[in-house]
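Asker: As input, take final.cif (mmCIF, C-alpha atoms and all ligand atoms):
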```cif
data_start
#
loop_
_atom_site.label_atom_id
_atom_site.label_comp_id
_atom_site.auth_asym_id
_atom_site.auth_seq_id
_atom_site.Cartn_x
_atom_site.Cartn_y
_atom_site.Cartn_z
CA MET A 1 -39.73 -99.45 54.25
CA PRO A 2 -42.68 -101.49 55.48
CA ASP A 3 -43.93 -104.24 53.24
CA PRO A 4 -46.60 -102.55 51.08
CA THR A 5 -48.40 -105.84 50.43
CA PRO A 6 -50.56 -106.83 53.41
CA ASP A 7 -49.45 -109.93 55.29
CA PRO A 8 -52.10 -112.68 54.84
CA ASP A 9 -52.16 -113.42 58.59
CA LEU A 10 -52.67 -109.82 59.45
CA LEU A 11 -55.40 -109.46 56.85
CA ALA A 12 -57.14 -112.39 58.49
CA ASP A 13 -56.75 -110.56 61.78
CA GLY A 14 -58.25 -107.43 60.23
CA THR A 15 -61.11 -109.42 58.77
CA TYR A 16 -61.89 -110.82 62.20
CA ALA A 17 -62.05 -107.37 63.65
CA VAL A 18 -64.60 -106.09 61.20
CA GLU A 19 -67.96 -107.44 60.26
CA PRO A 20 -70.12 -106.41 57.32
CA VAL A 21 -73.31 -104.62 58.33
CA ALA A 22 -76.19 -104.84 55.86
CA GLU A 23 -77.69 -101.61 54.65
CA PRO A 24 -81.22 -101.02 56.04
CA GLY A 25 -82.62 -101.00 52.50
CA GLY A 26 -81.46 -104.60 51.98
CA GLY A 27 -78.96 -103.57 49.32
CA THR A 28 -75.69 -105.35 48.66
CA ASP A 29 -73.65 -102.36 49.78
CA PHE A 30 -72.13 -102.77 53.24
CA THR A 31 -69.91 -100.84 55.60
CA PRO A 32 -67.43 -102.85 57.68
CA VAL A 33 -67.67 -101.84 61.30
CA VAL A 34 -65.25 -102.68 64.13
CA GLU A 35 -67.04 -105.40 66.11
CA LEU A 36 -64.36 -106.67 68.49
CA GLU A 37 -62.59 -104.85 71.26
CA ARG A 38 -59.91 -102.80 69.51
CA VAL A 39 -58.20 -99.59 70.51
CA CYS A 40 -56.57 -96.95 68.35
CA LEU A 41 -52.82 -97.67 68.39
CA ARG A 42 -52.04 -93.98 68.26
CA CYS A 43 -54.20 -92.74 71.16
CA GLY A 44 -55.94 -95.70 72.84
CA TYR A 45 -59.47 -94.66 71.82
CA ASP A 46 -62.01 -97.54 71.83
CA LEU A 47 -62.77 -98.17 68.16
CA ARG A 48 -65.73 -100.51 68.62
CA GLY A 49 -68.70 -99.50 66.48
CA LEU A 50 -66.66 -97.26 64.17
CA ALA A 51 -66.38 -97.74 60.41
CA ALA A 52 -63.17 -99.59 59.56
CA ALA A 53 -62.54 -97.19 56.68
CA GLY A 54 -62.95 -94.12 58.87
CA LEU A 55 -60.66 -92.07 61.05
CA CYS A 56 -60.21 -92.17 64.81
CA PRO A 57 -62.40 -89.37 66.24
CA GLU A 58 -59.79 -88.72 68.95
CA CYS A 59 -56.52 -88.41 66.99
CA GLY A 60 -57.50 -88.68 63.33
CA ALA A 61 -55.44 -91.82 62.61
CA PRO A 62 -57.00 -94.20 60.05
CA VAL A 63 -59.00 -96.86 61.95
CA ILE A 64 -57.72 -99.61 59.64
CA ASN A 65 -54.15 -99.03 60.94
CA SER A 66 -55.19 -100.42 64.32
CA LEU A 67 -56.99 -103.51 62.99
CA ARG A 68 -54.05 -105.49 61.59
CA GLY A 69 -52.32 -106.29 64.85
CA ARG A 70 -50.46 -104.07 67.29
CA HIS A 71 -47.86 -102.85 64.81
CA LEU A 72 -45.31 -100.47 66.25
CA ARG A 73 -45.31 -98.37 63.09
CA TYR A 74 -48.89 -97.25 63.83
CA SER A 75 -48.08 -96.29 67.43
CA ASP A 76 -47.48 -92.87 68.91
CA PRO A 77 -44.16 -91.52 67.53
CA ALA A 78 -43.24 -90.11 70.98
CA PHE A 79 -43.55 -93.61 72.48
CA LEU A 80 -41.38 -95.03 69.68
CA THR A 81 -38.76 -92.34 70.29
CA MET A 82 -38.38 -93.57 73.90
CA LEU A 83 -38.04 -97.17 72.67
CA SER A 84 -35.44 -96.08 70.14
CA ILE A 85 -33.31 -94.20 72.69
CA GLY A 86 -33.66 -97.20 75.02
CA ALA A 87 -32.43 -99.60 72.34
CA ARG A 88 -29.35 -97.43 71.70
CA LEU A 89 -28.51 -97.21 75.42
CA VAL A 90 -28.97 -100.95 75.96
CA LEU A 91 -26.60 -101.65 73.06
CA ALA A 92 -24.06 -99.07 74.27
CA ALA A 93 -24.21 -100.54 77.80
CA PHE A 94 -23.50 -104.04 76.59
CA VAL A 95 -20.63 -102.94 74.35
CA LEU A 96 -19.13 -101.07 77.35
CA LEU A 97 -19.54 -104.22 79.44
CA VAL A 98 -17.72 -106.35 76.85
CA ILE A 99 -14.92 -103.75 76.64
CA GLY A 100 -14.75 -103.85 80.45
CA TRP A 101 -14.42 -107.65 80.44
CA ALA A 102 -11.75 -107.55 77.73
CA TRP A 103 -9.92 -104.82 79.69
CA ALA A 104 -10.02 -106.92 82.86
CA VAL A 105 -8.75 -110.03 81.06
CA VAL A 106 -5.92 -108.21 79.28
CA THR A 107 -4.76 -106.23 82.33
CA ARG A 108 -4.87 -109.34 84.48
CA ALA A 109 -2.94 -111.31 81.86
CA ILE A 110 -0.15 -108.74 81.76
CA GLY A 111 -0.25 -108.36 85.53
CA VAL A 112 -1.22 -104.69 85.98
CA PHE A 113 -4.73 -105.40 87.29
CA TRP A 114 -4.22 -103.75 90.66
CA VAL A 115 -2.47 -100.62 89.44
CA GLY A 116 -4.69 -97.79 90.76
CA SER A 117 -5.54 -95.98 87.53
CA VAL A 118 -6.19 -99.24 85.67
CA SER A 119 -8.68 -100.59 88.20
CA LEU A 120 -10.24 -97.12 88.47
CA ALA A 121 -10.79 -97.06 84.69
CA SER A 122 -12.27 -100.55 84.92
CA ALA A 123 -14.64 -99.49 87.72
CA ALA A 124 -15.65 -96.37 85.77
CA LEU A 125 -16.40 -98.52 82.70
CA GLY A 126 -18.49 -100.87 84.84
CA LEU A 127 -20.42 -98.01 86.46
CA GLY A 128 -21.00 -96.35 83.07
CA ALA A 129 -22.27 -99.63 81.62
CA SER A 130 -24.60 -100.15 84.61
CA ILE A 131 -26.15 -96.67 84.42
CA CYS A 132 -26.49 -96.87 80.62
CA GLY A 133 -28.07 -100.32 80.88
CA LEU A 134 -30.55 -99.38 83.62
CA ALA A 135 -31.66 -96.24 81.75
CA GLY A 136 -31.80 -98.11 78.44
CA TRP A 137 -33.90 -101.04 79.68
CA TRP A 138 -36.20 -98.61 81.49
CA LEU A 139 -36.81 -96.62 78.29
CA ILE A 140 -37.16 -99.60 75.94
CA SER A 141 -39.76 -101.09 78.31
CA SER A 142 -41.85 -97.90 78.31
CA PRO A 143 -45.53 -98.83 78.41
CA ASP A 144 -47.45 -98.07 75.21
CA PRO A 145 -49.91 -95.32 76.26
CA ALA A 146 -52.47 -96.65 73.76
CA LEU A 147 -52.49 -100.21 75.17
CA ARG A 148 -52.82 -99.36 78.84
CA GLY A 149 -54.16 -102.42 80.68
CA HIS A 150 -54.30 -104.79 77.71
CA ASP A 151 -50.74 -105.19 76.53
CA PRO A 152 -49.54 -108.85 76.47
CA ALA A 153 -46.04 -107.53 77.31
CA ASP A 154 -47.26 -106.08 80.63
CA ARG A 155 -46.16 -109.03 82.77
CA SER A 156 -42.57 -109.24 81.51
CA ARG A 157 -42.40 -105.42 81.53
CA SER A 158 -43.44 -105.28 85.21
CA VAL A 159 -40.89 -107.92 86.25
CA LEU A 160 -38.19 -106.18 84.18
CA ARG A 161 -38.90 -102.75 85.64
CA ALA A 162 -39.09 -104.05 89.22
CA SER A 163 -35.72 -105.79 88.75
CA LEU A 164 -34.26 -102.54 87.36
CA ILE A 165 -35.29 -100.67 90.52
CA VAL A 166 -33.75 -103.37 92.75
CA ALA A 167 -30.63 -103.48 90.56
CA ALA A 168 -30.29 -99.68 90.81
CA ALA A 169 -30.59 -99.87 94.60
CA GLY A 170 -28.01 -102.69 94.67
CA MET A 171 -25.66 -100.69 92.46
CA MET A 172 -25.93 -97.59 94.70
CA LEU A 173 -25.24 -99.74 97.78
CA SER A 174 -22.31 -101.58 96.26
CA HIS A 175 -20.66 -98.30 95.19
CA PHE A 176 -21.53 -96.08 98.13
CA GLY A 177 -22.54 -98.54 100.89
CA GLY A 178 -19.11 -98.23 102.48
CA MET A 179 -19.90 -94.63 103.43
CA ILE A 180 -22.98 -95.55 105.50
CA PRO A 181 -22.35 -96.51 109.12
CA VAL A 182 -24.22 -99.72 110.04
CA THR A 183 -25.09 -101.31 113.36
CA ALA A 184 -26.78 -104.44 111.95
CA GLY A 185 -24.99 -107.79 111.94
CA GLY A 186 -24.90 -110.72 109.54
CA MET A 187 -25.13 -110.06 105.82
CA PHE A 188 -26.01 -106.40 106.37
CA ALA A 189 -22.81 -105.73 108.29
CA ASN A 190 -21.21 -105.13 104.92
CA LEU A 191 -23.51 -102.93 102.82
CA THR A 192 -21.14 -103.01 99.85
CA ARG A 193 -21.28 -106.79 99.69
CA ALA A 194 -25.05 -106.87 100.32
CA GLY A 195 -25.50 -104.34 97.50
CA PHE A 196 -23.37 -106.41 95.16
CA LEU A 197 -25.39 -109.54 95.97
CA LEU A 198 -28.69 -107.70 95.53
CA GLY A 199 -27.51 -106.20 92.24
CA THR A 200 -26.36 -109.58 90.93
CA LEU A 201 -29.63 -111.34 91.80
CA ALA A 202 -31.67 -108.48 90.29
CA GLY A 203 -29.43 -108.61 87.22
CA LEU A 204 -30.27 -112.28 86.70
CA VAL A 205 -34.02 -111.64 86.99
CA LYS A 206 -33.60 -108.61 84.73
CA PHE A 207 -31.93 -110.68 81.99
CA PHE A 208 -34.68 -113.32 81.90
CA ALA A 209 -37.49 -110.73 82.02
CA ALA A 210 -35.75 -108.61 79.37
CA MET A 211 -35.51 -111.54 76.95
CA SER A 212 -39.24 -112.32 77.39
CA TYR A 213 -40.05 -108.65 76.90
CA LEU A 214 -37.96 -108.36 73.71
CA ALA A 215 -39.68 -111.45 72.29
CA ARG A 216 -43.03 -109.70 72.84
CA LEU A 217 -41.75 -106.46 71.35
CA ALA A 218 -40.52 -108.26 68.21
CA GLN A 219 -44.06 -109.55 67.63
CA ARG A 220 -45.15 -105.93 67.28
CA ILE A 221 -42.57 -105.14 64.57
CA PRO A 222 -43.77 -107.77 63.46
CA ASP A 223 -40.81 -110.09 62.95
CA GLU A 224 -41.28 -113.72 63.96
CA ASP A 225 -37.60 -114.60 63.37
CA LEU A 226 -36.44 -111.76 65.59
CA ALA A 227 -39.01 -112.85 68.20
CA MET A 228 -37.20 -116.21 68.46
CA SER A 229 -33.76 -114.66 69.04
CA PRO A 230 -34.05 -113.44 72.66
CA ARG A 231 -35.23 -116.81 74.00
CA PHE A 232 -32.68 -118.67 71.87
CA LEU A 233 -29.82 -116.52 73.19
CA ARG A 234 -31.15 -116.87 76.74
CA ASN A 235 -31.12 -120.67 76.43
CA VAL A 236 -27.64 -120.71 74.88
CA LEU A 237 -26.28 -118.60 77.74
CA VAL A 238 -27.81 -120.96 80.32
CA VAL A 239 -26.20 -123.93 78.53
CA ILE A 240 -22.78 -122.19 78.41
CA VAL A 241 -22.88 -121.36 82.14
CA LEU A 242 -24.12 -124.81 83.24
CA ALA A 243 -21.68 -126.65 80.94
CA SER A 244 -18.68 -124.65 82.19
CA ILE A 245 -19.66 -125.23 85.84
CA ALA A 246 -20.12 -128.97 85.19
CA LEU A 247 -16.79 -129.21 83.35
CA MET A 248 -14.98 -127.31 86.10
CA VAL A 249 -16.41 -129.61 88.78
CA LEU A 250 -15.42 -132.61 86.66
CA VAL A 251 -11.83 -131.34 86.23
CA VAL A 252 -11.39 -130.55 89.93
CA THR A 253 -12.88 -133.85 91.17
CA SER A 254 -10.91 -136.01 88.68
CA SER A 255 -7.51 -134.27 88.76
CA GLY A 256 -7.61 -132.34 92.03
CA PHE A 257 -5.60 -129.14 92.32
CA GLY A 258 -2.40 -130.66 90.91
CA PRO A 259 -0.74 -129.64 87.60
CA GLY A 260 -3.24 -131.72 85.58
CA GLY A 261 -6.16 -130.03 87.29
CA MET A 262 -4.61 -126.60 86.70
CA ILE A 263 -4.22 -127.21 82.95
CA GLY A 264 -7.72 -128.68 82.78
CA SER A 265 -9.29 -125.73 84.54
CA TYR A 266 -7.43 -123.25 82.29
CA VAL A 267 -8.83 -125.09 79.25
CA VAL A 268 -12.36 -124.85 80.70
CA ILE A 269 -11.92 -121.13 81.45
CA LEU A 270 -10.57 -120.48 77.95
CA ALA A 271 -13.38 -122.44 76.29
CA THR A 272 -15.98 -120.61 78.39
CA GLY A 273 -14.39 -117.28 77.46
CA VAL A 274 -14.51 -118.08 73.74
CA ALA A 275 -18.13 -119.29 74.02
CA LEU A 276 -19.12 -116.12 75.91
CA LEU A 277 -17.37 -113.95 73.32
CA VAL A 278 -19.27 -115.62 70.46
CA TRP A 279 -22.49 -115.30 72.47
CA SER A 280 -21.79 -111.60 73.08
CA LEU A 281 -21.34 -110.94 69.36
CA LEU A 282 -24.67 -112.65 68.60
CA TYR A 283 -26.33 -110.66 71.41
CA ILE A 284 -24.92 -107.38 70.03
CA ALA A 285 -26.19 -108.31 66.55
CA MET A 286 -29.66 -108.95 68.00
CA LEU A 287 -29.72 -105.64 69.90
CA ARG A 288 -28.62 -103.78 66.75
CA LEU A 289 -31.44 -105.42 64.79
CA PHE A 290 -33.96 -104.36 67.44
CA GLY A 291 -32.61 -100.81 67.26
CA ARG A 292 -32.88 -100.74 63.47
CA GLU A 293 -36.42 -102.15 63.42
CA ILE A 294 -37.64 -99.73 66.11
CA ASP A 295 -36.06 -96.81 64.22
CA GLU A 296 -37.76 -97.93 61.02
CA ALA A 297 -41.14 -98.11 62.81
CA ARG A 298 -40.51 -94.66 64.26
CA ARG A 299 -39.71 -93.22 60.81
CA VAL A 300 -42.92 -94.66 59.34
CA ALA A 301 -44.96 -93.43 62.33
CA ALA A 302 -43.51 -89.93 61.93
CA ARG A 303 -44.35 -89.88 58.22
CA ILE A 304 -47.91 -91.05 58.92
CA GLU A 305 -48.16 -88.22 61.45
CA GLU A 306 -47.13 -85.76 58.73
CA GLY A 307 -49.76 -87.26 56.46
CA ALA A 308 -47.16 -88.40 53.94
CA LEU A 309 -48.24 -92.05 54.09
CA ARG A 310 -51.76 -93.32 53.69
CA PRO A 311 -52.72 -96.72 55.10
CA PHE A 312 -52.49 -99.53 52.60
ZN ZN B 401 -56.73 -92.41 67.90
#
```
Go through the file and emit its structure as structure tokens.
Ligand SMILES: [Zn+2]

Answerer:
Amino acid sequence: MPDPTPDPDLLADGTYAVEPVAEPGGGTDFTPVVELERVCLRCGYDLRGLAAAGLCPECGAPVINSLRGRHLRYSDPAFLTMLSIGARLVLAAFVLLVIGWAWAVVTRAIGVFWVGSVSLASAALGLGASICGLAGWWLISSPDPALRGHDPADRSRSVLRASLIVAAAGMMLSHFGGMIPVTAGGMFANLTRAGFLLGTLAGLVKFFAAMSYLARLAQRIPDEDLAMSPRFLRNVLVVIVLASIALMVLVVTSSGFGPGGMIGSYVVILATGVALLVWSLLYIAMLRLFGREIDEARRVAARIEEGALRPF
């Protein structure tokens, strides 16, 4: 349930958006009117000049709903449904990815990695995770139809969606590039490898853009703690990767490739694996929280649509 008591910050925001207009007769009675540039969160209608206590002439939503910030729960339920499906797919994709990693580690450890059916299952898991992830991030970054042109999340959304298109192209190439005859030389001589490289680079850009986008989205829940999580997890992942590379270089340069170096590098790999596992669990917890919050906003939006909830 949404907090029924108005948040003081948001009230201040609402107060900024409206200004008392004196009655022509000089009485003390006044009608707050929307003075700043605000749009209806349900339909995008320009609310300037309308009474704050009134209804949107376009969709009938209470004007006051759109004056407290860009809360998701006052948005179009159809838009929230896309976000909700996206959040589920993104979570499913990551869980599949983790299962794929675990599968690869276990099968490699017991030495059956190259058995045909095992590597086929692993490739199928990877492909499933990729398709789920691309579709999920595309849906969760759906533009809000009401905020067209003035959504602060537009920049990270554009980068995210562009990287998804490039990643999809890279994925197609890496899976099916071998079937296309090529005459070009250099990197493009091997379309499968070029596709893999393209997909990996796009995946990196995608991750950074996605974390910025989620931070923006959390501000619309609004949940300031949740808004910190994507950037925190992004930074932790960067530290894990850089630390493991630095440690590996240190081990190899100090002990070489002898027995000492072998043991050292196994320790680094193991430590990195444990750190990545812990990170993955935190990332899954964050994605689940996003899913829950979006679903809650969607439920409230649907009930407002049915007229069951009045604005507070
Ligand atoms: Zn409206």

Asker: Write out as JSON, numbers by chain which residues come within 7 Å of Ala297 of chain A when counting all atoms listed in the file, dropping same-chain ones fewer than 3 positions away.

Answerer: {"A": [72, 73, 293, 294, 300, 301]}

Asker: When the cut-off is 9 Å and you count all atoms listed in the file, which residues lie near ligand ZN 401 (chain B), shown as a PyMOL selection string?

Answerer: chain A and resi 39-47+55-63+66+146

Asker: Suppose you want the space between atom CA of Gly49 of chain A and atom CA of Ser142 of chain A; what is it in Å?

Answerer: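 Distance reported for this atom pair: 29.4 Å.
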
Asker: Skip segment 241-256 of chain A itself and residues of its chain fewer than 6 positions away, then list as a PDB file with C-alpha atoms, in the coordinates of the input all residues within 8 Å of it, counting all atoms listed in the file.

Answerer:
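After the write, result_10.pdb holds the following:
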```
ATOM      1  CA  GLY A 264      -7.720-128.680  82.780  1.00  0.00           C
ATOM      2  CA  SER A 265      -9.290-125.730  84.540  1.00  0.00           C
ATOM      3  CA  VAL A 268     -12.360-124.850  80.700  1.00  0.00           C
ATOM      4  CA  ILE A 269     -11.920-121.130  81.450  1.00  0.00           C
ATOM      5  CA  THR A 272     -15.980-120.610  78.390  1.00  0.00           C
TER       6      THR A 272
END
```

Asker: For a quick check of understanding, using all atoms listed in the file, which of A:Pro152, A:Gly86, A:Gly133, A:Gly203 has the smallest distance to Gln219 of chain A?

Answerer: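 Of all the options, A:Pro152 lies closest to Gln219 of chain A.
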
Asker: Quick one: axis-aligned box around all listed atoms of segment 78-83 of chain A, 5 Å on every side, centre and edge lengths in Å to one decimal, written as lines of an AutoDock Vina configuration file.

Answerer:
```
center_x = -40.8
center_y = -93.6
center_z = 71.8
size_x = 15.5
size_y = 17.1
size_z = 14.2
```

Asker: Record the distance separating atom CA of Trp279 of chain A and atom CA of Arg161 of chain A, expressed in Å with one decimal.

Answerer: 24.5 Å

Asker: Step by step: start from the point (-40.6, -107.9, 75.5) in the file's coordinates, keep every protein, DNA or RNA residue that has an atom no farther than 10 Å from it, count only C-alpha atoms, and write the set as a PyMOL selection string.

Answerer: chain A and resi 140-141+152-157+160+209-220+227+230

Asker: May I have the residues within 10 Å of Leu276 of chain A as a list in words, using only C-alpha atoms and disregarding those fewer than 5 positions away in the same chain?

Answerer: Val98, Val236, Leu237, Ile240, Val241, Leu270, Ala271, Leu281 and Leu282 of chain A

Asker: Smallest atom-to-atom distance to Leu127 of chain A: which of A:Leu97, A:Phe207, A:Pro32, A:Arg292, using all atoms listed in the file?

Answerer: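 Closest residue, counting all atoms listed in the file: A:Leu97.
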
Asker: One decimal, in Å: what's the spacing between atom CA of Gly178 of chain A and atom CA of Thr192 of chain A?

Answerer: 5.8 Å

Asker: Go through A:Arg108, A:Ala78, A:Ser229, A:Val159 and flag the residue nearest Ala285 of chain A, using only C-alpha atoms for the distances.

Answerer: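 Ranking A:Arg108, A:Ala78, A:Ser229, A:Val159 by distance to Ala285 of chain A, first place goes to A:Ser229.
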
Asker: Write out as an NGL selection string each polymer residue whose atoms come within 12 Å of Ile99 of chain A, counting all atoms listed in the file; drop sequence neighbours fewer than 3 positions from it.

Answerer: :A and (92-96 or 102-107 or 121-126 or 128-129 or 277 or 280)

Asker: Here is a test: counting only C-alpha atoms, which residue of A:Ala109, A:Ile284, A:Leu139, A:Leu173 is nearest to Leu198 of chain A?

Answerer: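 Using only C-alpha atoms, the shortest distance to Leu198 of chain A belongs to A:Leu173.
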